[in-house]
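**Student:** The following file, target-v6.pdb, comprises PDB, C-alpha atoms and all ligand atoms:
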```pdb
ATOM      1  CA  MET J   7     -12.372   4.649  19.187
ATOM      2  CA  GLY J   8     -13.881   2.477  16.477
ATOM      3  CA  MET J   9     -12.239  -0.361  14.681
ATOM      4  CA  ILE J  10     -11.843  -0.975  10.998
ATOM      5  CA  PRO J  11     -13.690  -4.049   9.648
ATOM      6  CA  VAL J  12     -11.968  -7.422   9.771
ATOM      7  CA  ILE J  13     -12.400  -9.775   6.804
ATOM      8  CA  ASP J  14     -11.215 -13.370   6.754
ATOM      9  CA  PHE J  15      -9.173 -14.413   3.707
ATOM     10  CA  SER J  16      -7.625 -17.436   5.337
ATOM     11  CA  LYS J  17     -10.119 -20.076   4.285
ATOM     12  CA  GLN J  18      -9.125 -21.416   0.883
ATOM     13  CA  ASP J  19     -12.763 -21.311  -0.221
ATOM     14  CA  SER J  20     -13.150 -17.637   0.372
ATOM     15  CA  ILE J  21     -10.567 -16.861  -2.271
ATOM     16  CA  LYS J  22     -11.875 -18.943  -5.162
ATOM     17  CA  PRO J  23     -14.271 -17.208  -7.542
ATOM     18  CA  GLY J  24     -17.725 -18.693  -7.911
ATOM     19  CA  ILE J  25     -17.947 -20.359  -4.520
ATOM     20  CA  HIS J  26     -20.398 -19.189  -1.890
ATOM     21  CA  GLU J  27     -17.672 -17.967   0.481
ATOM     22  CA  TRP J  28     -16.176 -15.914  -2.325
ATOM     23  CA  ASP J  29     -19.440 -14.018  -2.696
ATOM     24  CA  SER J  30     -19.838 -13.326   0.994
ATOM     25  CA  THR J  31     -16.205 -12.212   1.328
ATOM     26  CA  LYS J  32     -16.694  -9.987  -1.727
ATOM     27  CA  LEU J  33     -19.738  -8.381  -0.136
ATOM     28  CA  GLY J  34     -17.741  -7.758   3.035
ATOM     29  CA  VAL J  35     -14.984  -6.096   1.012
ATOM     30  CA  ARG J  36     -17.459  -3.844  -0.782
ATOM     31  CA  GLN J  37     -19.177  -2.788   2.443
ATOM     32  CA  ALA J  38     -15.892  -2.168   4.271
ATOM     33  CA  LEU J  39     -14.538  -0.064   1.412
ATOM     34  CA  GLU J  40     -17.733   1.966   1.107
ATOM     35  CA  GLU J  41     -17.800   2.703   4.812
ATOM     36  CA  TYR J  42     -14.068   3.024   5.629
ATOM     37  CA  GLY J  43     -11.956   2.731   2.477
ATOM     38  CA  CYS J  44      -9.928   0.083   4.285
ATOM     39  CA  PHE J  45     -10.101  -3.167   6.225
ATOM     40  CA  GLU J  46      -7.994  -5.666   8.101
ATOM     41  CA  ALA J  47      -7.534  -8.870   6.084
ATOM     42  CA  LEU J  48      -6.954 -11.987   8.160
ATOM     43  CA  PHE J  49      -4.526 -13.983   6.104
ATOM     44  CA  ASP J  50      -2.935 -16.882   7.983
ATOM     45  CA  PRO J  51      -0.277 -17.727   5.356
ATOM     46  CA  VAL J  52       1.529 -14.503   6.237
ATOM     47  CA  VAL J  53       2.390 -15.709   9.746
ATOM     48  CA  GLU J  54       5.232 -17.968   8.667
ATOM     49  CA  HIS J  55       6.843 -14.939   6.976
ATOM     50  CA  ARG J  56       6.627 -12.819  10.085
ATOM     51  CA  SER J  57       9.922 -13.383  11.850
ATOM     52  CA  PRO J  58      12.091 -13.671   8.711
ATOM     53  CA  VAL J  59      10.560 -10.491   7.281
ATOM     54  CA  PHE J  60      11.072  -8.346  10.362
ATOM     55  CA  ARG J  61      14.577  -9.729  10.920
ATOM     56  CA  ALA J  62      15.348  -8.799   7.304
ATOM     57  CA  LEU J  63      14.011  -5.277   7.832
ATOM     58  CA  GLU J  64      16.200  -4.831  10.902
ATOM     59  CA  GLU J  65      19.200  -5.985   8.910
ATOM     60  CA  LEU J  66      18.254  -3.611   6.088
ATOM     61  CA  PHE J  67      17.854  -0.473   8.160
ATOM     62  CA  ASP J  68      20.868  -1.284  10.337
ATOM     63  CA  LEU J  69      23.119  -0.863   7.300
ATOM     64  CA  PRO J  70      25.347   2.236   7.459
ATOM     65  CA  LEU J  71      23.769   5.397   6.092
ATOM     66  CA  GLN J  72      26.298   5.597   3.268
ATOM     67  CA  THR J  73      25.223   2.136   2.125
ATOM     68  CA  LYS J  74      21.524   2.968   2.278
ATOM     69  CA  ASN J  75      22.280   6.148   0.337
ATOM     70  CA  LEU J  76      23.359   3.952  -2.579
ATOM     71  CA  CYS J  77      19.632   3.391  -3.099
ATOM     72  CA  VAL J  78      18.687   7.080  -3.184
ATOM     73  CA  SER J  79      16.721   7.848  -6.303
ATOM     74  CA  ASP J  80      15.617  11.029  -7.998
ATOM     75  CA  LYS J  81      12.208   9.488  -8.606
ATOM     76  CA  PRO J  82       9.524   9.858  -5.955
ATOM     77  CA  PHE J  83       8.941   6.884  -3.673
ATOM     78  CA  ARG J  84      11.791   4.951  -5.173
ATOM     79  CA  GLY J  85      14.889   3.771  -3.407
ATOM     80  CA  TYR J  86      16.012   5.169  -0.064
ATOM     81  CA  TYR J  87      14.264   8.044   1.663
ATOM     82  CA  ALA J  88      14.814   9.493   5.131
ATOM     83  CA  SER J  89      12.541  12.200   6.477
ATOM     84  CA  PRO J  90      14.071  15.357   7.896
ATOM     85  CA  PRO J  91      13.988  15.606  11.725
ATOM     86  CA  PRO J  92      11.999  15.808  14.004
ATOM     87  CA  THR J  93      10.129  12.887  12.429
ATOM     88  CA  SER J  94      12.298   9.882  11.938
ATOM     89  CA  TYR J  95      10.911   7.848   9.139
ATOM     90  CA  GLU J  96      12.996   5.905   6.664
ATOM     91  CA  SER J  97      11.875   3.862   3.709
ATOM     92  CA  ILE J  98      13.510   1.704   1.105
ATOM     93  CA  SER J  99      11.600   0.478  -1.899
ATOM     94  CA  ALA J 100      11.923  -1.647  -4.992
ATOM     95  CA  ASP J 101       9.606  -1.491  -7.994
ATOM     96  CA  ASP J 102       8.111  -4.220 -10.138
ATOM     97  CA  VAL J 103       8.754  -6.905  -7.562
ATOM     98  CA  HIS J 104       6.536  -9.382  -9.418
ATOM     99  CA  ILE J 105       9.812  -9.948 -11.264
ATOM    100  CA  ALA J 106      11.951 -11.560  -8.568
ATOM    101  CA  GLU J 107      15.246 -10.403 -10.149
ATOM    102  CA  ASN J 108      14.227  -6.816  -9.526
ATOM    103  CA  VAL J 109      14.511  -7.299  -5.792
ATOM    104  CA  GLU J 110      18.018  -8.608  -6.268
ATOM    105  CA  GLN J 111      19.049  -5.942  -8.748
ATOM    106  CA  LEU J 112      17.378  -2.954  -7.137
ATOM    107  CA  LEU J 113      18.135  -3.742  -3.555
ATOM    108  CA  THR J 114      20.277  -6.654  -2.677
ATOM    109  CA  THR J 115      23.268  -6.268  -4.968
ATOM    110  CA  ARG J 116      23.456  -2.546  -4.319
ATOM    111  CA  LEU J 117      23.329  -2.976  -0.575
ATOM    112  CA  TRP J 118      25.292  -6.208  -0.278
ATOM    113  CA  PRO J 119      27.720  -6.399  -3.222
ATOM    114  CA  GLN J 120      28.740  -9.874  -2.108
ATOM    115  CA  GLY J 121      25.058 -10.923  -2.248
ATOM    116  CA  ASN J 122      22.485 -11.713   0.408
ATOM    117  CA  MET J 123      20.396 -14.644  -0.735
ATOM    118  CA  SER J 124      18.372 -14.981   2.415
ATOM    119  CA  PHE J 125      17.327 -11.315   2.296
ATOM    120  CA  SER J 126      16.214 -11.570  -1.351
ATOM    121  CA  LYS J 127      14.355 -14.819  -0.771
ATOM    122  CA  THR J 128      12.532 -13.470   2.252
ATOM    123  CA  MET J 129      11.425 -10.337   0.407
ATOM    124  CA  VAL J 130      10.455 -12.114  -2.799
ATOM    125  CA  SER J 131       8.352 -14.791  -1.130
ATOM    126  CA  PHE J 132       6.598 -12.258   1.091
ATOM    127  CA  ALA J 133       5.878 -10.022  -1.923
ATOM    128  CA  GLN J 134       4.499 -12.935  -3.929
ATOM    129  CA  LEU J 135       2.087 -13.887  -1.193
ATOM    130  CA  VAL J 136       0.810 -10.348  -0.728
ATOM    131  CA  MET J 137       0.533  -9.730  -4.486
ATOM    132  CA  GLU J 138      -1.778 -12.767  -4.728
ATOM    133  CA  LEU J 139      -3.961 -11.296  -2.011
ATOM    134  CA  GLU J 140      -3.968  -7.967  -3.849
ATOM    135  CA  LYS J 141      -5.178  -9.621  -7.047
ATOM    136  CA  THR J 142      -7.904 -11.469  -5.183
ATOM    137  CA  ILE J 143      -9.120  -8.222  -3.644
ATOM    138  CA  MET J 144      -9.028  -6.402  -7.003
ATOM    139  CA  ARG J 145     -11.091  -9.210  -8.535
ATOM    140  CA  MET J 146     -13.641  -8.919  -5.761
ATOM    141  CA  ILE J 147     -13.852  -5.145  -6.095
ATOM    142  CA  SER J 148     -14.251  -5.272  -9.869
ATOM    143  CA  GLU J 149     -16.895  -8.020  -9.660
ATOM    144  CA  SER J 150     -18.842  -6.135  -7.078
ATOM    145  CA  PHE J 151     -19.044  -3.162  -9.448
ATOM    146  CA  GLY J 152     -19.795  -5.381 -12.448
ATOM    147  CA  VAL J 153     -16.577  -4.504 -14.283
ATOM    148  CA  GLU J 154     -14.654  -7.774 -13.879
ATOM    149  CA  LYS J 155     -14.186  -7.900 -17.658
ATOM    150  CA  TYR J 156     -11.507  -5.253 -17.313
ATOM    151  CA  VAL J 157      -9.631  -6.533 -14.297
ATOM    152  CA  ASP J 158      -7.154  -8.867 -16.028
ATOM    153  CA  GLU J 159      -5.893  -6.030 -18.175
ATOM    154  CA  LEU J 160      -5.565  -3.858 -15.094
ATOM    155  CA  ILE J 161      -3.696  -6.547 -13.153
ATOM    156  CA  ASP J 162      -1.367  -7.179 -16.106
ATOM    157  CA  SER J 163      -0.511  -3.476 -16.129
ATOM    158  CA  THR J 164       0.206  -3.209 -12.439
ATOM    159  CA  ASN J 165       3.525  -2.245 -10.901
ATOM    160  CA  TYR J 166       3.908  -3.784  -7.468
ATOM    161  CA  GLN J 167       6.232  -1.760  -5.316
ATOM    162  CA  LEU J 168       7.630  -3.304  -2.160
ATOM    163  CA  ARG J 169       8.404  -0.648   0.449
ATOM    164  CA  ALA J 170      10.081  -1.249   3.780
ATOM    165  CA  MET J 171       9.510   1.416   6.437
ATOM    166  CA  LYS J 172      11.082   2.167   9.783
ATOM    167  CA  TYR J 173       9.736   4.573  12.395
ATOM    168  CA  GLU J 174      11.856   5.504  15.396
ATOM    169  CA  GLY J 175       9.963   5.225  18.699
ATOM    170  CA  SER J 176       8.799   8.252  20.654
ATOM    171  CA  ASN J 177      11.108   9.138  23.532
ATOM    172  CA  THR J 178       8.749  11.623  25.117
ATOM    173  CA  SER J 179       5.442  11.056  26.871
ATOM    174  CA  GLU J 180       3.733  12.863  23.984
ATOM    175  CA  PRO J 181       2.857  10.993  20.796
ATOM    176  CA  THR J 182       5.149  11.990  17.944
ATOM    177  CA  SER J 183       4.337  12.061  14.260
ATOM    178  CA  GLY J 184       5.762   9.200  12.203
ATOM    179  CA  LEU J 185       3.991   9.977   8.954
ATOM    180  CA  VAL J 186       1.817  13.036   8.324
ATOM    181  CA  VAL J 187      -1.864  12.864   7.402
ATOM    182  CA  HIS J 188      -2.289  11.792   3.796
ATOM    183  CA  HIS J 189      -4.308   9.574   1.549
ATOM    184  CA  ASP J 190      -2.667   7.167  -0.851
ATOM    185  CA  GLN J 191      -2.538   8.003  -4.549
ATOM    186  CA  ASN J 192      -2.082   4.468  -5.886
ATOM    187  CA  MET J 193      -4.651   1.699  -6.463
ATOM    188  CA  LEU J 194      -4.277  -0.462  -3.374
ATOM    189  CA  THR J 195      -1.901  -0.494  -0.424
ATOM    190  CA  LEU J 196      -1.321  -3.616   1.669
ATOM    191  CA  LEU J 197       0.597  -3.194   4.912
ATOM    192  CA  TYR J 198       2.129  -5.681   7.322
ATOM    193  CA  GLN J 199       3.642  -4.390  10.552
ATOM    194  CA  ASN J 200       5.622  -5.574  13.556
ATOM    195  CA  GLU J 201       4.131  -5.486  17.064
ATOM    196  CA  VAL J 202       4.455  -1.702  17.423
ATOM    197  CA  ASN J 203       1.180   0.031  16.544
ATOM    198  CA  GLY J 204       0.888   3.562  15.235
ATOM    199  CA  LEU J 205      -1.297   3.611  12.137
ATOM    200  CA  GLU J 206      -4.441   5.714  12.522
ATOM    201  CA  ILE J 207      -7.210   5.931   9.957
ATOM    202  CA  GLN J 208      -9.867   8.616   9.841
ATOM    203  CA  ASN J 209     -13.480   7.545   9.364
ATOM    204  CA  LYS J 210     -15.978   9.574   7.383
ATOM    205  CA  TYR J 211     -17.092  11.435  10.500
ATOM    206  CA  GLY J 212     -13.552  12.652  11.075
ATOM    207  CA  LYS J 213     -12.805  10.334  14.017
ATOM    208  CA  TRP J 214      -9.334   8.782  14.204
ATOM    209  CA  MET J 215      -9.253   5.023  14.618
ATOM    210  CA  SER J 216      -6.108   3.310  15.907
ATOM    211  CA  VAL J 217      -5.280   0.218  13.949
ATOM    212  CA  LYS J 218      -4.146  -2.746  16.040
ATOM    213  CA  PRO J 219      -3.589  -5.553  13.598
ATOM    214  CA  SER J 220      -3.003  -9.119  14.727
ATOM    215  CA  PRO J 221       0.121 -11.035  13.610
ATOM    216  CA  ASN J 222      -1.870 -12.757  10.861
ATOM    217  CA  SER J 223      -3.431  -9.649   9.385
ATOM    218  CA  ILE J 224      -2.670  -7.287   6.570
ATOM    219  CA  ILE J 225      -4.151  -3.803   6.420
ATOM    220  CA  VAL J 226      -5.694  -2.987   3.052
ATOM    221  CA  ILE J 227      -6.194   0.682   2.103
ATOM    222  CA  ILE J 228      -7.546   2.054  -1.157
ATOM    223  CA  GLY J 229      -5.950   4.949  -3.019
ATOM    224  CA  GLU J 230      -7.081   7.714  -5.377
ATOM    225  CA  SER J 231      -6.199   5.817  -8.514
ATOM    226  CA  LEU J 232      -8.726   3.093  -7.697
ATOM    227  CA  SER J 233     -11.338   5.750  -7.045
ATOM    228  CA  VAL J 234     -10.651   7.253 -10.493
ATOM    229  CA  TRP J 235     -10.863   3.807 -12.127
ATOM    230  CA  LEU J 236     -14.250   3.374 -10.437
ATOM    231  CA  ASN J 237     -15.409   6.797 -11.687
ATOM    232  CA  GLY J 238     -15.567   8.258  -8.202
ATOM    233  CA  ARG J 239     -17.030   5.302  -6.348
ATOM    234  CA  LEU J 240     -15.173   4.590  -3.106
ATOM    235  CA  SER J 241     -13.009   7.208  -1.391
ATOM    236  CA  PRO J 242      -9.507   6.735  -0.042
ATOM    237  CA  PRO J 243      -9.306   7.364   3.713
ATOM    238  CA  CYS J 244      -6.966   9.855   5.386
ATOM    239  CA  HIS J 245      -4.412   8.166   7.579
ATOM    240  CA  ARG J 246      -1.227   8.915   9.510
ATOM    241  CA  VAL J 247       1.277   7.256  11.805
ATOM    242  CA  MET J 248       1.564   8.406  15.424
ATOM    243  CA  MET J 249       4.305   6.922  17.576
ATOM    244  CA  THR J 250       3.443   6.509  21.233
ATOM    245  CA  GLU J 251       5.834   3.770  22.360
ATOM    246  CA  ASN J 252       9.564   4.031  22.705
ATOM    247  CA  LYS J 253      10.052   1.111  20.311
ATOM    248  CA  VAL J 254      10.948   0.890  16.666
ATOM    249  CA  ARG J 255       8.074   0.268  14.305
ATOM    250  CA  TYR J 256       8.635  -1.617  11.058
ATOM    251  CA  THR J 257       6.109  -1.830   8.261
ATOM    252  CA  ILE J 258       6.404  -3.593   4.970
ATOM    253  CA  GLY J 259       3.983  -2.603   2.258
ATOM    254  CA  VAL J 260       3.013  -3.666  -1.215
ATOM    255  CA  PHE J 261       1.832  -0.635  -3.194
ATOM    256  CA  ALA J 262      -0.016  -1.354  -6.423
ATOM    257  CA  TRP J 263      -0.300   1.210  -9.210
ATOM    258  CA  THR J 264      -0.484   1.079 -12.977
ATOM    259  CA  LYS J 265       2.618   1.180 -15.125
ATOM    260  CA  GLY J 266       3.690   4.025 -17.342
ATOM    261  CA  GLY J 267       1.904   3.914 -20.701
ATOM    262  CA  TYR J 268      -1.318   2.545 -19.214
ATOM    263  CA  LEU J 269      -4.225   4.977 -19.105
ATOM    264  CA  VAL J 270      -6.401   4.675 -16.023
ATOM    265  CA  LYS J 271      -9.989   5.296 -17.027
ATOM    266  CA  ALA J 272     -13.387   4.179 -15.812
ATOM    267  CA  PRO J 273     -14.802   1.156 -17.650
ATOM    268  CA  LYS J 274     -17.974   1.784 -19.679
ATOM    269  CA  GLY J 275     -20.246   0.126 -17.139
ATOM    270  CA  LEU J 276     -19.441   2.791 -14.573
ATOM    271  CA  VAL J 277     -20.254   5.749 -16.786
ATOM    272  CA  ASP J 278     -23.860   6.592 -17.652
ATOM    273  CA  ASP J 279     -26.323   9.465 -17.876
ATOM    274  CA  LYS J 280     -26.634   9.673 -14.104
ATOM    275  CA  ILE J 281     -22.917   9.497 -13.423
ATOM    276  CA  PRO J 282     -20.995  11.014 -16.331
ATOM    277  CA  ILE J 283     -17.263  10.500 -16.589
ATOM    278  CA  LEU J 284     -15.611  12.483 -13.786
ATOM    279  CA  PHE J 285     -11.938  12.169 -14.713
ATOM    280  CA  LYS J 286      -9.723  12.363 -17.760
ATOM    281  CA  PRO J 287      -7.886   9.133 -18.532
ATOM    282  CA  TYR J 288      -4.461   9.492 -16.934
ATOM    283  CA  ASP J 289      -1.076   7.808 -16.733
ATOM    284  CA  HIS J 290      -0.085   7.247 -13.102
ATOM    285  CA  GLU J 291       3.659   7.440 -13.804
ATOM    286  CA  GLU J 292       3.166  10.833 -15.464
ATOM    287  CA  PHE J 293       1.166  11.934 -12.441
ATOM    288  CA  LEU J 294       3.990  10.833 -10.122
ATOM    289  CA  LYS J 295       6.469  13.090 -11.912
ATOM    290  CA  ILE J 296       4.335  16.146 -11.189
ATOM    291  CA  PHE J 297       3.414  14.907  -7.731
ATOM    292  CA  SER J 298       7.078  14.786  -6.731
ATOM    293  CA  THR J 299       7.800  18.359  -7.799
ATOM    294  CA  GLN J 300       4.695  19.560  -5.945
ATOM    295  CA  LEU J 301       5.678  17.535  -2.900
ATOM    296  CA  ALA J 302       9.132  19.119  -2.930
ATOM    297  CA  GLN J 303       7.409  22.509  -2.726
ATOM    298  CA  GLU J 304       5.115  21.180   0.011
ATOM    299  CA  VAL J 305       2.015  21.685  -2.097
ATOM    300  CA  ALA J 306      -0.908  19.351  -1.452
ATOM    301  CA  TYR J 307      -1.566  17.643  -4.757
ATOM    302  CA  ASP J 308      -3.399  14.519  -5.756
ATOM    303  CA  VAL J 309      -4.564  12.345  -8.615
ATOM    304  CA  LYS J 310      -8.006  13.924  -8.678
ATOM    305  CA  THR J 311      -6.583  17.415  -9.040
ATOM    306  CA  TYR J 312      -4.418  16.091 -11.839
ATOM    307  CA  CYS J 313      -7.164  14.463 -13.879
ATOM    308  CA  SER J 314     -10.535  15.893 -12.915
ATOM    309  CA  ILE J 315     -12.613  17.250 -15.757
TER
HETATM  310  O1  LIG M   1       3.400   2.411   8.149
HETATM  311  C1  LIG M   1       2.185   2.473   8.044
HETATM  312  O2  LIG M   1       1.440   1.786   8.757
HETATM  313  C2  LIG M   1       1.532   3.415   7.072
HETATM  314  C3  LIG M   1       2.323   3.686   5.819
HETATM  315  C4  LIG M   1       1.590   4.566   4.859
HETATM  316  O3  LIG M   1       0.531   5.044   5.109
HETATM  317  C5  LIG M   1       2.172   4.834   3.515
HETATM  318  O4  LIG M   1       3.347   4.514   3.294
HETATM  319  O5  LIG M   1       1.459   5.380   2.656
HETATM  320 FE    FE M   2      -0.446   5.748   3.273
END
```
Just give me the structure of the file as structure tokens.
**Tutor:**
Amino acid sequence: MGMIPVIDFSKQDSIKPGIHEWDSTKLGVRQALEEYGCFEALFDPVVEHRSPVFRALEELFDLPLQTKNLCVSDKPFRGYYASPPPTSYESISADDVHIAENVEQLLTTRLWPQGNMSFSKTMVSFAQLVMELEKTIMRMISESFGVEKYVDELIDSTNYQLRAMKYEGSNTSEPTSGLVVHHDQNMLTLLYQNEVNGLEIQNKYGKWMSVKPSPNSIIVIIGESLSVWLNGRLSPPCHRVMMTENKVRYTIGVFAWTKGGYLVKAPKGLVDDKIPILFKPYDHEEFLKIFSTQLAQEVAYDVKTYCSI
């Protein structure tokens, strides 16, 4: 089984534009995304968040079901979600976490009416760190395609969703499904997990690769929306979660996508006579509304179906 590329973001120099290390890291990002649509980012600053974050996730999912249900939302991928058996996947998410109060309002005060400062602080500081990494990676991607002029506007229009996930361990000798095969529809997904592995990513030859991240690494996966923004360059990889150990797996992810009202469309530099525009400009929030109704009917649906010309 192959491994996804590992790229070091820990050295300060590699994350400052214009410096030699920036350029070589950028090249690594471009190559990894062309070949795999994902990579493992070594990012040492995340280590000090590790034990508080996973303790907070335990505390979160250990709340009684009726409390977690207070976060159920009619919108897709918002609030509390629990998959129907036999898979046992639960997730709780909060949107727009670049505004710290949203974590408090959307999660903490609903779940702990008397407040839970340490939970909010842990989530907010983790999210801030990962959002910075996300912006760095988006800058590198846009530079490598020569469209960095447009990246600030894109970043300013980004909704950062923080999503906590819990997968029950497998209690048979057979691997059990934690999350079915899918590819992400958003721009970029950044995942941080506890010591229980399970994520598998398919390479372009159809082979499944088990991801075994180290404690200082974040898995970065591209989604359909980024592919549309790049006028079809880069393809999001299929991935799934398979549980093999009888241990609980926790993942915390930052999911970036553009806000309602913002039209995702390829910048001029990526459209020419050879590669005409492949997609209609689209609003990701509008897409999500349709996506959720299709999902409810178990229809496979994606951004490209929604906006292809
Ligand atoms: O938990 C994981 O490692 C994968 C999560 C995932 O693929 C998703 O939420 O889209
Ligand atoms: Fe995913």
**Student:** Mind dumping a table of every chain J residue within 10 Å of ligand LIG 1 (chain M), with the nearest atom pair and its distance in Å to one decimal, using all atoms listed in the file, sorted by chain and rising number, as CSV?
**Tutor:**
```
residue,atom,partner,partner_atom,distance
J:Phe83,CA,M:LIG1,O4,9.2
J:Tyr95,CA,M:LIG1,O1,9.3
J:Ser97,CA,M:LIG1,O4,8.6
J:Arg169,CA,M:LIG1,O4,7.8
J:Ala170,CA,M:LIG1,O1,8.8
J:Met171,CA,M:LIG1,O1,6.4
J:Lys172,CA,M:LIG1,O1,7.9
J:Tyr173,CA,M:LIG1,O1,7.9
J:Gly184,CA,M:LIG1,O1,8.3
J:Leu185,CA,M:LIG1,O3,7.1
J:Val186,CA,M:LIG1,O3,8.7
J:Val187,CA,M:LIG1,O3,8.5
J:His188,CA,M:LIG1,O3,7.4
J:His189,CA,M:LIG1,O5,7.2
J:Asp190,CA,M:LIG1,O5,5.7
J:Gln191,CA,M:LIG1,O5,8.6
J:Asn192,CA,M:LIG1,O5,9.3
J:Thr195,CA,M:LIG1,O5,7.4
J:Leu196,CA,M:LIG1,C3,9.2
J:Leu197,CA,M:LIG1,O2,6.3
J:Tyr198,CA,M:LIG1,O2,7.6
J:Gln199,CA,M:LIG1,O2,6.8
J:Asn200,CA,M:LIG1,O2,9.7
J:Val202,CA,M:LIG1,O2,9.8
J:Asn203,CA,M:LIG1,O2,8.0
J:Gly204,CA,M:LIG1,O2,6.7
J:Leu205,CA,M:LIG1,O2,4.7
J:Glu206,CA,M:LIG1,O2,8.0
J:Ile207,CA,M:LIG1,O3,9.2
J:Val217,CA,M:LIG1,O2,8.6
J:Ile225,CA,M:LIG1,O2,8.2
J:Ile227,CA,M:LIG1,O3,8.6
J:Gly229,CA,M:LIG1,O5,9.3
J:Cys244,CA,M:LIG1,O3,8.9
J:His245,CA,M:LIG1,O3,6.3
J:Arg246,CA,M:LIG1,O3,6.1
J:Val247,CA,M:LIG1,C2,6.1
J:Met248,CA,M:LIG1,O2,9.4
J:Arg255,CA,M:LIG1,O1,8.0
J:Tyr256,CA,M:LIG1,O1,7.2
J:Thr257,CA,M:LIG1,O1,5.0
J:Ile258,CA,M:LIG1,O1,7.4
J:Gly259,CA,M:LIG1,O4,7.2
J:Val260,CA,M:LIG1,O4,9.3
J:Phe261,CA,M:LIG1,O5,8.4
```
**Student:** Report, in Å with one decimal, the straight-line distance from CA of Pro287 (chain J) to CA of Gln167 (chain J).
**Tutor:**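 The value is 22.2 Å.
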**Student:** Evaluate the PyMOL selection byres (((chain J and resi 213) around 12) and not hetatm) against this structure - the residues, as a ChimeraX atom specification, please.
**Tutor:** /J:7-10,42,206-212,214-216,243-245
**Student:** Enter the distance from CA of Asn177 (chain J) to CA of Val254 (chain J), in Å, rounded to one decimal.
**Tutor:**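 Going from CA of Asn177 (chain J) over to CA of Val254 (chain J), I get 10.7 Å.
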**Student:** Under the PyMOL selection byres (((chain J and resi 105-117) around 12) and not hetatm), which residues of this model are included? Write them out as a ChimeraX atom specification.
**Tutor:** /J:62,65-79,84-86,98-104,118-134,137,164-170
**Student:** When you draw a straight line from CA of Asn222 (chain J) to CA of Glu40 (chain J), how long is it in Å?
**Tutor:**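 These two atoms are separated by 23.7 Å.
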**Student:** Do you know which residues are at most 6 Å from Ser223 (chain J) counting all atoms listed in the file, after dropping those on the same chain fewer than 4 positions away, and could you put them as a PyMOL selection string?
**Tutor:** chain J and resi 47-49+219
**Student:** Considering only C-alpha atoms, state which residue in the set J:Leu194, J:Val12, J:Leu33, J:Val270 is at the smallest distance from Val309 (chain J).
**Tutor:**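 The shortest atom-to-atom distance to Val309 (chain J) comes from J:Val270.
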**Student:** Given all atoms listed in the file as the basis, pick out the residue of J:Val136, J:Leu160, J:Met144, J:Ile228 nearest to ligand FE 2 (chain M).
**Tutor:** J:Ile228
**Student:** Residues within 10 Å of Leu135 (chain J), please, as a ChimeraX atom specification. Count all atoms listed in the file; anything in the same chain fewer than 6 positions from it doesn't count.
**Tutor:** /J:49,51-52,55
**Student:** Name the closest residue to ligand FE 2 (chain M) among the candidates J:Glu230, J:Glu149, J:Glu180, J:Asp29; distances are taken between atoms, counting only C-alpha atoms and all ligand atoms.
**Tutor:**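 Ranked by minimum distance to ligand FE 2 (chain M), first place goes to J:Glu230.
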**Student:** Rank J:Tyr156, J:Ser16, J:Phe151, J:Met193 by their smallest atom-to-atom distance to ligand FE 2 (chain M), using only C-alpha atoms and all ligand atoms, and report the top residue only.
**Tutor:**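 Going through J:Tyr156, J:Ser16, J:Phe151, J:Met193 one by one, the smallest distance to ligand FE 2 (chain M) is for J:Met193.
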**Student:** Using only C-alpha atoms, which protein or nucleic acid residues come within 10 Å of Ala306 (chain J)? Drop anything in the same chain fewer than 4 positions from it, and give the result as an MDAnalysis selection string.
**Tutor:** chainID J and resid 188 297 300:301 311
